[in-house]
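Chemist: Structure supplied as my_file.tsv; contents: TSV, C-alpha atoms.
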```tsv
chain	number	residue	atom	x	y	z
X	319	MET	CA	144.02	94.77	12.43
X	320	ALA	CA	144.16	97.05	9.39
X	321	LEU	CA	147.02	96.46	6.96
X	322	ILE	CA	148.74	99.75	7.60
X	323	LEU	CA	148.51	99.48	11.40
X	324	GLU	CA	149.84	95.93	11.40
X	325	PHE	CA	152.62	97.09	9.08
X	326	LEU	CA	153.56	100.02	11.33
X	327	LYS	CA	153.46	97.82	14.43
X	328	ARG	CA	155.81	95.30	12.85
X	329	MET	CA	158.22	97.96	11.60
X	330	THR	CA	158.22	99.76	14.96
X	331	ASP	CA	158.65	96.56	16.99
X	332	ASN	CA	161.65	95.59	14.88
X	333	GLY	CA	163.26	99.03	14.75
X	334	VAL	CA	163.08	99.31	10.96
X	335	ARG	CA	164.22	102.67	9.60
X	336	PHE	CA	161.73	103.87	7.00
X	337	VAL	CA	159.74	106.79	5.65
X	338	LEU	CA	156.16	106.28	4.52
X	339	ILE	CA	155.79	107.36	0.88
X	340	GLY	CA	153.33	106.76	-1.96
X	341	GLY	CA	149.59	106.36	-1.58
X	342	TYR	CA	149.48	105.93	2.19
X	343	ALA	CA	151.58	109.06	2.64
X	344	ALA	CA	149.13	110.92	0.39
X	345	ILE	CA	146.25	109.60	2.51
X	346	VAL	CA	147.92	110.87	5.69
X	347	HIS	CA	148.04	114.33	4.08
X	348	GLY	CA	144.33	114.18	3.25
X	349	SER	CA	144.28	112.83	-0.29
X	350	PRO	CA	141.21	110.81	-1.35
X	351	ILE	CA	143.49	108.46	-3.29
X	352	GLY	CA	143.02	104.70	-2.91
X	353	THR	CA	145.93	102.30	-2.62
X	354	GLU	CA	146.43	98.64	-1.84
X	355	ASP	CA	150.14	98.47	-1.20
X	356	VAL	CA	152.33	100.04	1.45
X	357	ASP	CA	155.29	101.92	-0.04
X	358	VAL	CA	158.18	103.01	2.10
X	359	CYS	CA	161.65	104.37	1.48
X	360	ALA	CA	164.15	102.44	3.55
X	361	PRO	CA	167.90	101.92	3.53
X	362	LEU	CA	168.57	98.43	2.26
X	363	ASP	CA	171.80	97.92	4.17
X	364	GLU	CA	172.36	94.64	5.96
X	365	ASP	CA	171.18	95.89	9.35
X	366	ASN	CA	167.92	97.35	8.10
X	367	LEU	CA	167.33	94.39	5.77
X	368	ALA	CA	167.65	92.05	8.75
X	369	ARG	CA	165.05	94.12	10.61
X	370	ILE	CA	162.69	94.14	7.62
X	371	LEU	CA	163.01	90.38	7.17
X	372	ALA	CA	162.34	89.82	10.88
X	373	ALA	CA	159.27	92.06	10.67
X	374	VAL	CA	157.72	90.04	7.83
X	375	ALA	CA	159.16	86.60	8.61
X	376	ASP	CA	155.83	84.97	9.54
X	377	LEU	CA	153.94	86.57	6.65
X	378	HIS	CA	155.32	84.20	3.98
X	379	PRO	CA	157.05	86.99	2.03
X	380	ARG	CA	157.56	86.38	-1.68
X	381	PHE	CA	159.11	88.41	-4.49
X	382	ARG	CA	156.04	89.97	-6.05
X	383	MET	CA	157.56	91.07	-9.35
X	384	ARG	CA	159.04	87.70	-10.31
X	385	PRO	CA	156.77	85.42	-12.36
X	386	ASP	CA	157.39	82.41	-10.11
X	387	LYS	CA	157.08	84.51	-6.92
X	388	PRO	CA	159.84	82.72	-5.01
X	389	PRO	CA	160.06	82.99	-1.21
X	390	VAL	CA	162.26	85.78	0.10
X	391	PRO	CA	165.45	84.41	1.68
X	392	THR	CA	165.77	84.80	5.42
X	393	ASP	CA	169.45	85.76	5.19
X	394	PRO	CA	169.81	89.53	4.66
X	395	GLY	CA	173.20	88.89	3.06
X	396	ALA	CA	171.39	87.20	0.16
X	397	LEU	CA	169.68	90.50	-0.61
X	398	LYS	CA	172.89	92.53	-0.71
X	399	GLY	CA	172.85	95.00	-3.58
X	400	PHE	CA	169.07	95.05	-3.95
X	401	LYS	CA	167.79	98.58	-4.62
X	402	ASN	CA	164.13	97.71	-4.08
X	403	LEU	CA	162.14	94.93	-2.43
X	404	TYR	CA	158.67	94.34	-3.85
X	405	LEU	CA	157.05	91.86	-1.50
X	406	HIS	CA	153.82	89.92	-1.55
X	407	THR	CA	152.89	88.97	2.03
X	408	ASP	CA	149.93	87.49	3.87
X	409	LEU	CA	149.07	91.05	4.92
X	410	GLY	CA	149.27	92.48	1.41
X	411	PRO	CA	151.83	94.03	-0.92
X	412	MET	CA	154.72	95.91	0.68
X	413	ASP	CA	157.33	97.84	-1.30
X	414	PHE	CA	160.66	98.87	0.23
X	415	LEU	CA	162.48	101.37	-2.00
X	416	SER	CA	165.97	102.65	-1.37
X	417	GLU	CA	165.32	105.75	-3.51
X	418	VAL	CA	162.37	107.96	-4.34
X	419	THR	CA	162.15	109.30	-7.89
X	420	GLY	CA	162.56	113.06	-7.95
X	421	ILE	CA	164.03	113.22	-4.44
X	422	GLY	CA	166.87	110.75	-3.97
X	423	GLY	CA	168.03	108.16	-1.48
X	424	TYR	CA	166.90	107.54	2.07
X	425	ASP	CA	169.07	110.28	3.61
X	426	GLU	CA	167.68	112.90	1.24
X	427	VAL	CA	164.13	111.61	1.67
X	428	SER	CA	164.60	111.84	5.44
X	429	ARG	CA	165.09	115.58	5.05
X	430	HIS	CA	161.59	115.91	3.58
X	431	THR	CA	159.44	114.28	6.22
X	432	VAL	CA	156.84	115.13	8.80
X	433	GLY	CA	156.52	113.15	12.00
X	434	THR	CA	153.09	111.93	12.99
X	435	GLN	CA	151.33	109.09	14.77
X	436	VAL	CA	149.10	106.67	12.93
X	437	GLY	CA	147.02	104.47	15.17
X	438	GLY	CA	149.40	105.22	18.03
X	439	TYR	CA	152.50	104.22	16.07
X	440	PRO	CA	155.13	106.89	15.42
X	441	CYS	CA	155.67	107.34	11.74
X	442	ARG	CA	157.74	109.59	9.51
X	443	VAL	CA	155.89	110.52	6.35
X	444	LEU	CA	157.15	112.15	3.17
X	445	ASP	CA	156.00	115.76	3.33
X	446	LEU	CA	153.50	117.32	0.97
X	447	ASP	CA	156.09	119.11	-1.17
X	448	GLY	CA	158.17	115.93	-1.43
X	449	LEU	CA	155.15	113.88	-2.45
X	450	ILE	CA	154.22	116.38	-5.13
X	451	ARG	CA	157.77	116.48	-6.41
X	452	SER	CA	158.08	112.69	-6.57
X	453	LYS	CA	154.71	112.11	-8.24
X	454	ARG	CA	155.43	114.81	-10.79
X	455	ALA	CA	158.81	113.20	-11.51
X	456	VAL	CA	157.25	109.75	-12.04
X	457	GLY	CA	154.72	111.41	-14.31
X	458	ARG	CA	152.25	108.60	-15.02
X	459	PRO	CA	148.64	109.75	-15.53
X	460	LYS	CA	147.61	108.46	-12.09
X	461	ASP	CA	150.56	110.28	-10.51
X	462	LEU	CA	149.66	113.55	-12.21
X	463	ARG	CA	146.10	113.14	-11.01
X	464	GLY	CA	147.54	112.71	-7.52
X	465	VAL	CA	149.59	115.88	-7.99
X	466	ALA	CA	146.42	117.86	-8.71
X	467	GLU	CA	144.83	116.58	-5.49
X	468	LEU	CA	147.94	117.19	-3.39
X	469	GLU	CA	148.31	120.71	-4.78
X	470	ALA	CA	144.66	121.35	-3.92
X	471	ILE	CA	145.38	120.20	-0.36
X	472	ARG	CA	148.44	122.45	-0.17
X	473	ARG	CA	146.47	125.46	-1.38
X	474	ARG	CA	143.69	124.72	1.13
X	475	LEU	CA	146.18	124.47	3.99
X	476	GLU	CA	147.84	127.72	2.89
X	477	GLN	CA	144.43	129.41	2.87
X	478	GLN	CA	143.77	128.17	6.40
X	479	VAL	CA	147.07	129.69	7.59
X	480	ASP	CA	146.47	133.06	5.89
H	283	MET	CA	137.22	133.55	-8.53
H	284	ALA	CA	140.86	134.62	-8.37
H	285	ASP	CA	142.29	136.22	-5.28
H	286	ASP	CA	143.71	139.74	-5.56
H	287	GLY	CA	146.74	139.61	-7.81
H	288	GLY	CA	145.22	137.02	-10.12
H	289	ILE	CA	146.30	133.97	-8.10
H	290	PRO	CA	143.58	131.31	-8.32
H	291	ASN	CA	142.17	130.24	-4.97
H	292	ALA	CA	142.08	126.59	-3.92
H	293	ASP	CA	138.53	125.98	-5.08
H	294	ASP	CA	139.06	127.52	-8.52
H	295	ALA	CA	142.26	125.59	-9.13
H	296	ALA	CA	140.72	122.35	-7.84
H	297	HIS	CA	137.69	122.82	-10.07
H	298	ALA	CA	139.96	123.36	-13.06
H	299	ALA	CA	141.80	120.12	-12.25
H	300	ASP	CA	138.51	118.26	-11.66
H	301	VAL	CA	139.40	117.66	-8.00
H	302	ASP	CA	136.54	117.10	-5.54
H	303	MET	CA	137.30	119.79	-2.96
H	304	SER	CA	134.37	118.83	-0.74
H	305	LEU	CA	135.88	115.37	-0.27
H	306	ILE	CA	139.30	116.84	0.47
H	307	ASP	CA	137.79	119.23	3.02
H	308	GLU	CA	136.05	116.28	4.67
H	309	LEU	CA	139.35	114.40	4.88
H	310	LEU	CA	141.30	117.42	6.13
H	311	ALA	CA	138.86	117.65	9.04
H	312	LEU	CA	140.03	114.20	10.20
H	313	SER	CA	143.22	113.23	12.02
H	314	PRO	CA	145.90	111.25	10.12
H	315	THR	CA	144.79	108.08	11.91
H	316	GLU	CA	141.15	108.69	11.04
H	317	ARG	CA	142.08	109.26	7.38
H	318	VAL	CA	144.02	106.01	7.23
H	319	LEU	CA	141.34	103.97	8.99
H	320	ARG	CA	138.66	105.41	6.72
H	321	HIS	CA	140.74	104.26	3.75
H	322	GLU	CA	141.13	100.79	5.29
H	323	ARG	CA	137.35	100.49	5.65
H	324	LEU	CA	136.92	101.44	2.00
H	325	LEU	CA	139.59	98.92	1.05
H	326	GLU	CA	137.69	96.19	2.89
H	327	SER	CA	134.49	97.23	1.12
H	328	ALA	CA	136.29	97.06	-2.24
H	329	ARG	CA	137.55	93.57	-1.39
H	330	LEU	CA	134.03	92.37	-0.60
H	331	LEU	CA	132.68	93.90	-3.82
H	332	ARG	CA	135.42	92.22	-5.84
H	333	GLU	CA	134.60	88.87	-4.24
H	334	ALA	CA	130.95	89.42	-5.18
H	335	GLY	CA	132.03	90.19	-8.76
H	336	VAL	CA	134.05	86.99	-8.96
H	337	ARG	CA	131.08	84.99	-7.63
H	338	HIS	CA	128.78	86.61	-10.16
H	339	TYR	CA	131.00	86.12	-13.21
H	340	GLY	CA	132.68	82.91	-12.13
H	341	PHE	CA	136.06	84.53	-12.81
H	342	ASP	CA	137.86	87.71	-11.84
H	343	PRO	CA	136.58	90.36	-14.29
H	344	ARG	CA	139.75	92.36	-13.68
H	345	VAL	CA	141.71	89.44	-15.13
H	346	PRO	CA	139.63	88.28	-18.13
H	347	GLU	CA	142.17	85.61	-19.06
H	348	THR	CA	141.08	83.65	-15.97
H	349	HIS	CA	137.68	83.17	-17.66
H	350	ASP	CA	138.68	80.05	-19.53
H	351	ARG	CA	140.43	78.36	-16.62
```
Written as structure tokens, how would this file's structure read?

Modeler:
Amino acid sequence: MALILEFLKRMTDNGVRFVLIGGYAAIVHGSPIGTEDVDVCAPLDEDNLARILAAVADLHPRFRMRPDKPPVPTDPGALKGFKNLYLHTDLGPMDFLSEVTGIGGYDEVSRHTVGTQVGGYPCRVLDLDGLIRSKRAVGRPKDLRGVAELEAIRRRLEQQVD
Amino acid sequence: MADDGGIPNADDAAHAADVDMSLIDELLALSPTERVLRHERLLESARLLREAGVRHYGFDPRVPETHDR
């Protein structure tokens, strides 16, 4: 099964609260961008952390950003206070962020979403305006390139409505 | 060409930003699921090409420091 579909299945089955952001969100909106990691905004409270850990438990999750890449603890209490989780898993990289640059925390991000289905799995996705705002705020060259593509998509969709 | 009022249309603005509008139009004609699955197929192709590159060079050319290992 494709990475993103397996990811969505696991998150849905475990009742994880999340919003799809980053490259996969851009792809949902029609961007030709390529990405290899799944980025989501998710509250990293104990309840949601427990659901996330259950969803990836059999995927040998490790902390991707640490040089020694230690295994992720199975106790959500051990992750208390974490603002982001950058995981390496058997499926691929998965990033859980409690905030999105240029938008804010999960509650604010939740106000800028569209609901869709991907491969039959319900999924909330950061909307086009939110994606543009966040990529512009991050401001790396690849993000600004993404902004140009997303703005082109927005203009095309506006033309189709007119 | 600009629309009335001097506002650039999507194709003009995309051209100025060097965005491939034909590719975007192709993707917009697909459903969200189709867009994602198309990307996954490309990702699998990229993985196979990278494996071929590693076989050819004997190391990962994206990580030149692995050459001497």

Chemist: Mind listing as a PyMOL selection string which residues of chain X are within 8 Å of chain H, counting only C-alpha atoms?

Modeler: chain X and resi 320-322+342+345-350+352+354+434-437+466-467+470-471+473-474+477

Chemist: What is the distance, in Å and to one decimal place, between atom CA of Pro379 of chain X and atom CA of Asp408 of chain X?

Modeler: 7.4 Å

Chemist: With all atoms listed in the file counted, which protein, DNA or RNA residues have an atom no more than 12 Å from (158.7, 87.2, -1.4) in the file frame? Please answer as a short mmCIF file (atom, residue, chain, number, x, y, z; two decimals) with C-alpha atoms, keeping the file's coordinate frame.

Modeler:
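Output (point_39.cif):
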```cif
data_model
loop_
_atom_site.label_atom_id
_atom_site.label_comp_id
_atom_site.auth_asym_id
_atom_site.auth_seq_id
_atom_site.Cartn_x
_atom_site.Cartn_y
_atom_site.Cartn_z
CA LEU X 371 163.01 90.38 7.17
CA VAL X 374 157.72 90.04 7.83
CA ALA X 375 159.16 86.60 8.61
CA ASP X 376 155.83 84.97 9.54
CA LEU X 377 153.94 86.57 6.65
CA HIS X 378 155.32 84.20 3.98
CA PRO X 379 157.05 86.99 2.03
CA ARG X 380 157.56 86.38 -1.68
CA PHE X 381 159.11 88.41 -4.49
CA ARG X 382 156.04 89.97 -6.05
CA MET X 383 157.56 91.07 -9.35
CA ARG X 384 159.04 87.70 -10.31
CA PRO X 385 156.77 85.42 -12.36
CA ASP X 386 157.39 82.41 -10.11
CA LYS X 387 157.08 84.51 -6.92
CA PRO X 388 159.84 82.72 -5.01
CA PRO X 389 160.06 82.99 -1.21
CA VAL X 390 162.26 85.78 0.10
CA PRO X 391 165.45 84.41 1.68
CA THR X 392 165.77 84.80 5.42
CA LEU X 397 169.68 90.50 -0.61
CA LEU X 403 162.14 94.93 -2.43
CA TYR X 404 158.67 94.34 -3.85
CA LEU X 405 157.05 91.86 -1.50
CA HIS X 406 153.82 89.92 -1.55
CA THR X 407 152.89 88.97 2.03
CA ASP X 408 149.93 87.49 3.87
CA GLY X 410 149.27 92.48 1.41
CA PRO X 411 151.83 94.03 -0.92
CA MET X 412 154.72 95.91 0.68
CA ASP X 413 157.33 97.84 -1.30
CA PHE X 414 160.66 98.87 0.23
#
```

Chemist: For atom CA of Gly423 of chain X and atom CA of Leu409 of chain X, quote the distance in Å rounded to one decimal.

Modeler: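 These atoms are spaced 26.3 Å apart.
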
Chemist: Write out as a short mmCIF file (atom, residue, chain, number, x, y, z; two decimals) with C-alpha atoms, in the coordinates of the input each polymer residue whose atoms come within 12 Å of segment 458-461 of chain X, counting all atoms listed in the file; drop sequence neighbours fewer than 5 positions from it.

Modeler:
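Final output, saved to result.cif:
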```cif
data_model
loop_
_atom_site.label_atom_id
_atom_site.label_comp_id
_atom_site.auth_asym_id
_atom_site.auth_seq_id
_atom_site.Cartn_x
_atom_site.Cartn_y
_atom_site.Cartn_z
CA GLY X 340 153.33 106.76 -1.96
CA GLY X 341 149.59 106.36 -1.58
CA ALA X 344 149.13 110.92 0.39
CA ILE X 351 143.49 108.46 -3.29
CA GLY X 352 143.02 104.70 -2.91
CA THR X 353 145.93 102.30 -2.62
CA THR X 419 162.15 109.30 -7.89
CA LEU X 449 155.15 113.88 -2.45
CA ILE X 450 154.22 116.38 -5.13
CA ARG X 451 157.77 116.48 -6.41
CA SER X 452 158.08 112.69 -6.57
CA LYS X 453 154.71 112.11 -8.24
CA ALA X 466 146.42 117.86 -8.71
CA GLU X 467 144.83 116.58 -5.49
CA LEU X 468 147.94 117.19 -3.39
#
```

Chemist: Quick check, in Å to one decimal: how far apart do atom CA of Gly457 of chain X and atom CA of Glu417 of chain X lie?

Modeler: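 Between these atoms lies a distance of 16.2 Å.
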
Chemist: I need the residue nearest Val337 of chain X from this list: X:Val465, X:Val479, X:Val358, X:Ala372. Use only C-alpha atoms for the distance.

Modeler: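 Checking each candidate against Val337 of chain X, we get X:Val358 as the closest.
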
Chemist: Near Leu367 of chain X, counting all atoms listed in the file, which residues have an atom at most 12 Å away, once you skip same-chain residues fewer than 2 positions from it, shown as a PyMOL selection string?

Modeler: chain X and resi 329+332-336+360-365+369-375+390-403+414-416
